[in-house]
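What follows is the content of upload_30.cif (mmCIF, C-alpha atoms).
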```cif
data_work
#
loop_
_atom_site.group_PDB
_atom_site.id
_atom_site.type_symbol
_atom_site.label_atom_id
_atom_site.label_comp_id
_atom_site.auth_asym_id
_atom_site.auth_seq_id
_atom_site.Cartn_x
_atom_site.Cartn_y
_atom_site.Cartn_z
ATOM 1 C CA MET A 1 107.750 120.920 130.311
ATOM 2 C CA ASN A 2 108.244 118.279 127.718
ATOM 3 C CA ALA A 3 111.346 116.394 128.684
ATOM 4 C CA VAL A 4 110.768 113.582 126.206
ATOM 5 C CA GLU A 5 110.557 114.554 122.582
ATOM 6 C CA GLU A 6 108.063 112.548 120.575
ATOM 7 C CA VAL A 7 109.588 110.441 117.847
ATOM 8 C CA PRO A 8 107.591 110.957 114.607
ATOM 9 C CA LYS A 9 105.715 107.846 113.637
ATOM 10 C CA HIS A 10 106.859 106.155 110.466
ATOM 11 C CA ASN A 11 104.414 106.497 107.615
ATOM 12 C CA PRO A 12 104.960 104.232 104.580
ATOM 13 C CA VAL A 13 102.139 105.762 102.486
ATOM 14 C CA PRO A 14 104.198 108.489 100.745
ATOM 15 C CA TRP A 15 106.793 105.872 99.753
ATOM 16 C CA ILE A 16 104.098 103.523 98.434
ATOM 17 C CA GLN A 17 102.639 106.400 96.448
ATOM 18 C CA LEU A 18 106.068 107.278 95.086
ATOM 19 C CA LEU A 19 106.526 103.653 94.010
ATOM 20 C CA ILE A 20 103.138 103.616 92.251
ATOM 21 C CA GLY A 21 103.942 106.950 90.620
ATOM 22 C CA THR A 22 107.303 105.895 89.206
ATOM 23 C CA VAL A 23 105.920 102.612 87.849
ATOM 24 C CA THR A 24 102.918 104.393 86.308
ATOM 25 C CA ALA A 25 105.121 107.009 84.666
ATOM 26 C CA THR A 26 107.264 104.309 83.058
ATOM 27 C CA VAL A 27 104.268 102.326 81.812
ATOM 28 C CA VAL A 28 102.587 105.447 80.400
ATOM 29 C CA THR A 29 105.731 106.438 78.501
ATOM 30 C CA VAL A 30 105.962 102.973 76.926
ATOM 31 C CA ILE A 31 102.295 103.028 75.845
ATOM 32 C CA ALA A 32 102.474 106.635 74.630
ATOM 33 C CA ASP A 33 105.582 105.826 72.613
ATOM 34 C CA ASN A 34 103.714 102.912 71.017
ATOM 35 C CA ALA A 35 100.749 105.122 70.087
ATOM 36 C CA ILE A 36 102.716 108.138 68.863
ATOM 37 C CA LYS A 37 105.008 106.078 66.649
ATOM 38 C CA GLY A 38 102.012 104.304 65.136
ATOM 39 C CA GLU A 39 103.119 100.867 66.279
ATOM 40 C CA ASP A 40 99.630 100.161 67.573
ATOM 41 C CA THR A 41 98.669 98.832 64.150
ATOM 42 C CA ARG A 42 101.075 95.898 64.294
ATOM 43 C CA PRO A 43 99.537 92.457 64.727
ATOM 44 C CA HIS A 44 98.960 91.295 68.315
ATOM 45 C CA ASN A 45 99.929 94.713 69.590
ATOM 46 C CA ARG A 46 98.104 94.499 72.921
ATOM 47 C CA THR A 47 99.851 91.314 74.019
ATOM 48 C CA LEU A 48 103.244 92.539 72.857
ATOM 49 C CA LEU A 49 102.722 95.938 74.445
ATOM 50 C CA THR A 50 101.715 94.345 77.747
ATOM 51 C CA ASN A 51 104.981 92.439 77.796
ATOM 52 C CA GLU A 52 106.941 95.559 76.857
ATOM 53 C CA CYS A 53 105.282 97.501 79.682
ATOM 54 C CA LEU A 54 106.049 94.741 82.166
ATOM 55 C CA ALA A 55 109.667 94.643 80.971
ATOM 56 C CA GLU A 56 110.249 98.386 80.974
ATOM 57 C CA GLN A 57 108.567 99.093 84.297
ATOM 58 C CA HIS A 58 111.521 97.353 85.946
ATOM 59 C CA SER A 59 113.631 100.403 85.106
ATOM 60 C CA SER A 60 111.569 102.528 87.504
ATOM 61 C CA TYR A 61 112.615 100.346 90.431
ATOM 62 C CA LEU A 62 116.268 101.329 90.172
ATOM 63 C CA ILE A 63 115.316 104.979 90.625
ATOM 64 C CA PHE A 64 113.010 104.040 93.472
ATOM 65 C CA PHE A 65 115.640 101.898 95.227
ATOM 66 C CA PHE A 66 118.182 104.708 95.040
ATOM 67 C CA ALA A 67 115.639 107.213 96.313
ATOM 68 C CA ILE A 68 114.621 105.077 99.274
ATOM 69 C CA ALA A 69 118.259 104.231 100.075
ATOM 70 C CA ILE A 70 119.306 107.876 100.121
ATOM 71 C CA SER A 71 116.225 109.525 101.554
ATOM 72 C CA GLY A 72 114.414 106.763 103.416
ATOM 73 C CA GLY A 73 117.122 105.866 105.893
ATOM 74 C CA ILE A 74 117.017 102.237 104.793
ATOM 75 C CA LEU A 75 120.735 101.677 105.257
ATOM 76 C CA SER A 76 120.518 102.388 108.993
ATOM 77 C CA ASN A 77 118.812 99.024 109.372
ATOM 78 C CA SER A 78 121.102 96.151 108.411
ATOM 79 C CA TRP A 79 118.226 93.804 107.580
ATOM 80 C CA ALA A 80 116.607 96.379 105.291
ATOM 81 C CA GLY A 81 119.975 97.201 103.738
ATOM 82 C CA PHE A 82 120.540 93.526 102.957
ATOM 83 C CA THR A 83 117.056 93.305 101.410
ATOM 84 C CA LEU A 84 117.812 96.369 99.296
ATOM 85 C CA LEU A 85 121.038 94.775 98.054
ATOM 86 C CA ILE A 86 119.170 91.605 97.064
ATOM 87 C CA ALA A 87 116.480 93.697 95.375
ATOM 88 C CA VAL A 88 119.038 95.628 93.322
ATOM 89 C CA LEU A 89 120.743 92.408 92.212
ATOM 90 C CA LEU A 90 117.383 90.904 91.282
ATOM 91 C CA TRP A 91 116.517 94.089 89.419
ATOM 92 C CA LEU A 92 119.676 93.745 87.343
ATOM 93 C CA ALA A 93 118.770 90.181 86.365
ATOM 94 C CA PHE A 94 115.075 90.882 85.807
ATOM 95 C CA TYR A 95 115.571 94.008 83.733
ATOM 96 C CA THR A 96 118.092 92.492 81.340
ATOM 97 C CA GLN A 97 116.171 89.250 80.983
ATOM 98 C CA GLY A 98 112.839 91.072 80.699
ATOM 99 C CA VAL A 99 113.952 93.447 77.977
ATOM 100 C CA ARG A 100 115.606 90.549 76.152
ATOM 101 C CA SER A 101 112.280 88.709 76.176
ATOM 102 C CA THR A 102 110.718 91.530 74.140
ATOM 103 C CA THR A 103 113.034 90.643 71.267
ATOM 104 C CA THR A 104 111.776 87.083 71.000
ATOM 105 C CA HIS A 105 108.108 87.833 70.339
ATOM 106 C CA GLN A 106 108.157 86.732 66.721
ATOM 107 C CA THR A 107 109.630 83.334 67.563
ATOM 108 C CA LYS A 108 106.876 82.681 70.099
ATOM 109 C CA ILE A 109 104.145 83.862 67.732
ATOM 110 C CA ALA A 110 105.586 81.737 64.927
ATOM 111 C CA LYS A 111 104.999 78.654 67.085
ATOM 112 C CA ASP A 112 101.335 79.709 67.407
ATOM 113 C CA HIS A 113 100.557 80.436 63.757
ATOM 114 C CA VAL A 114 102.052 81.815 60.573
ATOM 115 C CA CYS A 115 101.849 85.542 61.198
ATOM 116 C CA THR A 116 102.050 87.987 58.320
ATOM 117 C CA ALA A 117 101.509 91.732 58.106
ATOM 118 C CA GLY A 118 97.879 92.565 58.862
ATOM 119 C CA CYS A 119 97.338 89.263 60.669
ATOM 120 C CA THR A 120 94.057 89.168 62.592
ATOM 121 C CA ALA A 121 94.371 85.731 64.164
ATOM 122 C CA GLU A 122 93.779 85.385 67.886
ATOM 123 C CA LEU A 123 96.738 84.204 69.923
ATOM 124 C CA LYS A 124 96.257 81.092 72.011
ATOM 125 C CA SER A 125 96.240 81.594 75.786
ATOM 126 C CA LYS A 126 99.352 79.441 76.019
ATOM 127 C CA THR A 127 101.197 81.739 73.615
ATOM 128 C CA LYS A 128 100.078 84.841 75.494
ATOM 129 C CA ARG A 129 101.343 83.334 78.718
ATOM 130 C CA ALA A 130 104.637 82.420 77.058
ATOM 131 C CA ILE A 131 105.016 86.028 75.956
ATOM 132 C CA TYR A 132 104.431 87.855 79.226
ATOM 133 C CA LEU A 133 104.270 85.406 82.143
ATOM 134 C CA MET A 134 107.957 85.674 83.003
ATOM 135 C CA ASN A 135 107.880 89.467 83.161
ATOM 136 C CA LEU A 136 104.660 89.356 85.179
ATOM 137 C CA VAL A 137 106.320 87.145 87.809
ATOM 138 C CA PHE A 138 109.397 89.404 87.849
ATOM 139 C CA ALA A 139 107.184 92.480 88.229
ATOM 140 C CA LEU A 140 105.264 90.988 91.143
ATOM 141 C CA LEU A 141 108.500 89.966 92.885
ATOM 142 C CA LEU A 142 110.002 93.422 92.550
ATOM 143 C CA LEU A 143 106.717 94.963 93.688
ATOM 144 C CA GLY A 144 106.914 92.800 96.812
ATOM 145 C CA PHE A 145 110.471 93.960 97.500
ATOM 146 C CA GLY A 146 109.479 97.568 96.843
ATOM 147 C CA LEU A 147 106.511 97.424 99.223
ATOM 148 C CA PHE A 148 108.626 95.736 101.891
ATOM 149 C CA LEU A 149 111.196 98.541 101.668
ATOM 150 C CA CYS A 150 108.400 101.123 101.908
ATOM 151 C CA PHE A 151 107.474 99.702 105.294
ATOM 152 C CA MET A 152 111.142 99.516 106.362
ATOM 153 C CA ALA A 153 111.914 103.161 105.578
ATOM 154 C CA VAL A 154 112.334 105.338 108.637
ATOM 155 C CA ARG A 155 111.926 108.716 106.967
ATOM 156 C CA ALA A 156 109.315 110.135 104.598
ATOM 157 C CA PRO A 157 110.423 111.135 101.055
ATOM 158 C CA ALA A 158 110.771 114.850 101.789
ATOM 159 C CA GLN A 159 111.707 114.613 105.456
ATOM 160 C CA MET B 1 103.864 157.760 34.743
ATOM 161 C CA ALA B 2 103.361 154.677 32.751
ATOM 162 C CA ALA B 3 102.695 151.587 34.779
ATOM 163 C CA ASN B 4 105.418 149.018 34.641
ATOM 164 C CA PRO B 5 104.284 145.868 32.950
ATOM 165 C CA SER B 6 104.120 143.017 35.364
ATOM 166 C CA PRO B 7 106.969 140.596 34.887
ATOM 167 C CA VAL B 8 106.087 137.430 33.137
ATOM 168 C CA ILE B 9 106.847 134.370 35.148
ATOM 169 C CA GLU B 10 107.630 131.450 33.016
ATOM 170 C CA GLU B 11 106.270 128.166 34.204
ATOM 171 C CA PRO B 12 108.820 125.387 34.090
ATOM 172 C CA THR B 13 107.911 123.027 31.350
ATOM 173 C CA GLU B 14 110.031 120.244 32.648
ATOM 174 C CA GLN B 15 108.814 118.050 35.482
ATOM 175 C CA LEU B 16 111.081 117.989 38.461
ATOM 176 C CA PRO B 17 112.285 114.522 39.356
ATOM 177 C CA LEU B 18 110.288 112.836 42.091
ATOM 178 C CA ALA B 19 111.853 112.132 45.418
ATOM 179 C CA PRO B 20 113.427 108.720 45.483
ATOM 180 C CA ARG B 21 111.436 105.947 47.032
ATOM 181 C CA TYR B 22 112.924 103.058 48.824
ATOM 182 C CA GLY B 23 111.408 99.687 48.200
ATOM 183 C CA THR B 24 107.759 99.415 47.305
ATOM 184 C CA ALA B 25 106.241 100.853 50.466
ATOM 185 C CA PRO B 26 105.522 104.567 50.830
ATOM 186 C CA ILE B 27 108.167 106.328 52.881
ATOM 187 C CA ALA B 28 105.692 107.717 55.427
ATOM 188 C CA ILE B 29 103.936 104.422 56.160
ATOM 189 C CA ASN B 30 104.683 104.546 59.894
ATOM 190 C CA VAL B 31 104.110 108.239 60.454
ATOM 191 C CA ARG B 32 101.160 108.800 62.757
ATOM 192 C CA HIS B 33 99.760 112.268 63.221
ATOM 193 C CA VAL B 34 99.186 112.689 66.930
ATOM 194 C CA ARG B 35 98.559 116.314 67.704
ATOM 195 C CA THR B 36 100.526 117.932 70.498
ATOM 196 C CA LYS B 37 97.245 119.028 72.068
ATOM 197 C CA ASP B 38 96.064 115.396 72.197
ATOM 198 C CA ILE B 39 99.309 114.311 73.828
ATOM 199 C CA ILE B 40 99.029 117.016 76.490
ATOM 200 C CA VAL B 41 95.380 116.191 77.199
ATOM 201 C CA ARG B 42 96.147 112.486 77.484
ATOM 202 C CA LEU B 43 99.003 113.196 79.891
ATOM 203 C CA LEU B 44 96.752 115.119 82.283
ATOM 204 C CA PRO B 45 95.952 112.091 84.498
ATOM 205 C CA MET B 46 99.690 111.874 85.204
ATOM 206 C CA ALA B 47 99.393 115.330 86.736
ATOM 207 C CA GLY B 48 96.814 113.804 89.071
ATOM 208 C CA VAL B 49 99.270 111.067 90.038
ATOM 209 C CA VAL B 50 101.948 113.652 90.790
ATOM 210 C CA ALA B 51 99.469 115.819 92.689
ATOM 211 C CA THR B 52 98.412 112.958 94.980
ATOM 212 C CA ILE B 53 102.068 112.190 95.755
ATOM 213 C CA GLY B 54 102.739 115.855 96.441
ATOM 214 C CA LEU B 55 99.714 116.085 98.697
ATOM 215 C CA SER B 56 100.829 113.061 100.729
ATOM 216 C CA VAL B 57 104.380 114.346 101.053
ATOM 217 C CA TYR B 58 103.196 117.817 102.054
ATOM 218 C CA SER B 59 100.560 116.533 104.432
ATOM 219 C CA PRO B 60 101.078 112.814 105.212
ATOM 220 C CA PRO B 61 97.806 110.938 105.699
ATOM 221 C CA THR B 62 97.040 109.986 109.275
ATOM 222 C CA GLY B 63 94.978 106.927 109.995
ATOM 223 C CA VAL B 64 93.942 103.971 107.922
ATOM 224 C CA VAL B 65 91.050 105.661 106.103
ATOM 225 C CA ASP B 66 93.181 108.600 104.954
ATOM 226 C CA SER B 67 95.920 106.251 103.775
ATOM 227 C CA VAL B 68 93.486 104.074 101.836
ATOM 228 C CA ILE B 69 91.917 107.143 100.206
ATOM 229 C CA ALA B 70 95.353 108.510 99.253
ATOM 230 C CA ILE B 71 96.520 105.250 97.680
ATOM 231 C CA ALA B 72 93.169 104.506 96.022
ATOM 232 C CA GLY B 73 93.048 108.009 94.572
ATOM 233 C CA GLU B 74 96.495 107.643 93.114
ATOM 234 C CA LEU B 75 95.701 104.194 91.730
ATOM 235 C CA ALA B 76 92.585 105.629 90.067
ATOM 236 C CA PHE B 77 94.635 108.373 88.392
ATOM 237 C CA ALA B 78 97.268 105.792 87.416
ATOM 238 C CA ALA B 79 94.646 103.514 85.852
ATOM 239 C CA LEU B 80 93.169 106.461 83.954
ATOM 240 C CA ALA B 81 96.620 107.536 82.751
ATOM 241 C CA ILE B 82 97.208 104.055 81.319
ATOM 242 C CA VAL B 83 93.710 103.526 79.903
ATOM 243 C CA VAL B 84 93.702 106.761 77.876
ATOM 244 C CA TRP B 85 96.856 105.660 76.063
ATOM 245 C CA PHE B 86 96.320 101.919 75.776
ATOM 246 C CA PRO B 87 95.289 100.892 72.253
ATOM 247 C CA LYS B 88 91.662 99.938 71.766
ATOM 248 C CA SER B 89 90.905 96.288 71.147
ATOM 249 C CA LYS B 90 89.818 97.119 67.566
ATOM 250 C CA SER B 91 93.376 97.860 66.471
ATOM 251 C CA SER B 92 94.889 94.807 68.083
ATOM 252 C CA HIS B 93 94.271 91.150 67.737
#
```
Give the structure from the file, written as structure tokens.
Amino acid sequence: MNAVEEVPKHNPVPWIQLLIGTVTATVVTVIADNAIKGEDTRPHNRTLLTNECLAEQHSSYLIFFFAIAISGGILSNSWAGFTLLIAVLLWLAFYTQGVRSTTTHQTKIAKDHVCTAGCTAELKSKTKRAIYLMNLVFALLLLGFGLFLCFMAVRAPAQ
Amino acid sequence: MAANPSPVIEEPTEQLPLAPRYGTAPIAINVRHVRTKDIIVRLLPMAGVVATIGLSVYSPPTGVVDSVIAIAGELAFAALAIVVWFPKSKSSH
């Protein structure tokens, strides 16, 4: 007779995979949009597109945070719930600031060189960093929060 | 019965006015023909990403090796999904 029921062990892998999946889906839609609309012929497209991907991938985290809050049992742990609150607030700041940064590309490129249509000049490393470094840092921070919450979840996505 | 003479269609002698153009650039300068088939084919790696998630949810990996394989497999599909869409270096500068 089994008097003690075994508590299922927590497995963060499905949540990590869900996080990777949502971020990938967002990035792919941004790149596909760029290709289908023919914007891939604009000057310095790869650098600008990288920044746009980094900015837009933030939007996937809101969906992920809601999913893990509802289905992952995060709110049953006060420490994890507090972390989730901080993550959502950071998301709000990062997303707005990140998307705003995609509107200031031309100003940053203008400081590098005089860019006209069909420009083939190479951007300086400093300019590239100025374009996407902020969003890269934001993305890594949110990824850290997301991974932390994956390990704090007490239920699997479909449990 | 006498055959009816085929009707004569008169060709218009006057040229129809051309569609208006705005500015000096052709209207369709930004239109890119990406076939639907190409879009579907290039979205196939995303199906792999979804499949790996579904597999892990349906049958969660047990042990470190299984977990690493599951995540690495998904990352591989994710990288492929991005690479097939990302513009080649030739078209960017």
Got a sec: who's within 10 Å of A:Thr104, counting all atoms listed in the file, leaving out chain neighbours fewer than 5 positions off, as a ChimeraX atom specification? /A:99,109,131
For the structure shown, which residues end up in the PyMOL selection byres ((chain A and resi 91) around 9)? Put them as a PDB file with C-alpha atoms, in the frame of the given file, please?
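Result file is result10.pdb:
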```pdb
ATOM      1  CA  HIS A  58     111.521  97.353  85.946  1.00  0.00           C
ATOM      2  CA  SER A  59     113.631 100.403  85.106  1.00  0.00           C
ATOM      3  CA  TYR A  61     112.615 100.346  90.431  1.00  0.00           C
ATOM      4  CA  LEU A  62     116.268 101.329  90.172  1.00  0.00           C
ATOM      5  CA  ILE A  86     119.170  91.605  97.064  1.00  0.00           C
ATOM      6  CA  ALA A  87     116.480  93.697  95.375  1.00  0.00           C
ATOM      7  CA  VAL A  88     119.038  95.628  93.322  1.00  0.00           C
ATOM      8  CA  LEU A  89     120.743  92.408  92.212  1.00  0.00           C
ATOM      9  CA  LEU A  90     117.383  90.904  91.282  1.00  0.00           C
ATOM     10  CA  LEU A  92     119.676  93.745  87.343  1.00  0.00           C
ATOM     11  CA  ALA A  93     118.770  90.181  86.365  1.00  0.00           C
ATOM     12  CA  PHE A  94     115.075  90.882  85.807  1.00  0.00           C
ATOM     13  CA  TYR A  95     115.571  94.008  83.733  1.00  0.00           C
ATOM     14  CA  THR A  96     118.092  92.492  81.340  1.00  0.00           C
ATOM     15  CA  PHE A 138     109.397  89.404  87.849  1.00  0.00           C
ATOM     16  CA  LEU A 142     110.002  93.422  92.550  1.00  0.00           C
TER      17      LEU A 142
END
```
Starting from the displayed file, determine the output of the PyMOL selection byres ((chain A) within 6 of (chain B)) and express the residue list as a CSV table (one decimal) with C-alpha atoms, in the coordinates of the input.
```csv
chain,number,residue,atom,x,y,z
A,14,PRO,CA,104.2,108.5,100.7
A,17,GLN,CA,102.6,106.4,96.4
A,24,THR,CA,102.9,104.4,86.3
A,28,VAL,CA,102.6,105.4,80.4
A,32,ALA,CA,102.5,106.6,74.6
A,38,GLY,CA,102.0,104.3,65.1
A,41,THR,CA,98.7,98.8,64.2
A,44,HIS,CA,99.0,91.3,68.3
A,45,ASN,CA,99.9,94.7,69.6
A,46,ARG,CA,98.1,94.5,72.9
A,120,THR,CA,94.1,89.2,62.6
A,122,GLU,CA,93.8,85.4,67.9
```
Using the chain letters and numbers from the file, which residues does the PyMOL selection byres ((chain A and resi 108) around 9) grab, as a PyMOL selection string? chain A and resi 104-107+109-112+127-128+130-131
Would you compute, for all listed atoms of stretch 79-88 of chain B, the axis-aligned bounding box grown by 3 Å on each side, and then report its centre and edge lengths in Å rounded to one decimal, as lines of an AutoDock Vina configuration file?
```
center_x = 94.4
center_y = 103.7
center_z = 78.8
size_x = 11.5
size_y = 13.6
size_z = 20.1
```
Shell around A:Phe151 at 9 Å using only C-alpha atoms, local window under 3 positions removed, as a VMD selection string: chain A and resid 10 to 13 15 to 16 146 to 148 154
Save the residues we just selected, C-alpha atoms, as a PDB file, keeping the file's coordinate frame?
```pdb
ATOM      1  CA  HIS A  10     106.859 106.155 110.466  1.00  0.00           C
ATOM      2  CA  ASN A  11     104.414 106.497 107.615  1.00  0.00           C
ATOM      3  CA  PRO A  12     104.960 104.232 104.580  1.00  0.00           C
ATOM      4  CA  VAL A  13     102.139 105.762 102.486  1.00  0.00           C
ATOM      5  CA  TRP A  15     106.793 105.872  99.753  1.00  0.00           C
ATOM      6  CA  ILE A  16     104.098 103.523  98.434  1.00  0.00           C
ATOM      7  CA  GLY A 146     109.479  97.568  96.843  1.00  0.00           C
ATOM      8  CA  LEU A 147     106.511  97.424  99.223  1.00  0.00           C
ATOM      9  CA  PHE A 148     108.626  95.736 101.891  1.00  0.00           C
ATOM     10  CA  VAL A 154     112.334 105.338 108.637  1.00  0.00           C
TER      11      VAL A 154
END
```
Could you jot down the atom CA of A:Gly72 to atom CA of A:Pro157 separation for me, Å, one decimal place?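 Those two atoms sit 6.4 Å apart.
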Would you compute the distance between atom CA of A:Ile20 and atom CA of A:Thr47? Give it in Å to one decimal. 22.2 Å
Option closest in space to A:Thr102, from A:Thr50, A:Ser60, A:Gly118, A:Ser78 [counting all atoms listed in the file]: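 Residue with the minimum atom-to-atom distance to A:Thr102: A:Thr50.
Counting all atoms listed in the file and comparing A:Leu133, A:Ala158, A:Val30, A:Leu149, the residue that lies closest to A:Leu75 is A:Leu149.
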Taking all atoms listed in the file into account, name the residue in A:Thr22, A:Thr116, A:Asn135, A:Ser125 that is nearest to A:Pro43.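 Ranked by minimum distance to A:Pro43, first place goes to A:Thr116.
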Separation of atom CA of A:Gly21 and atom CA of A:Gly73, in Å? 20.2 Å
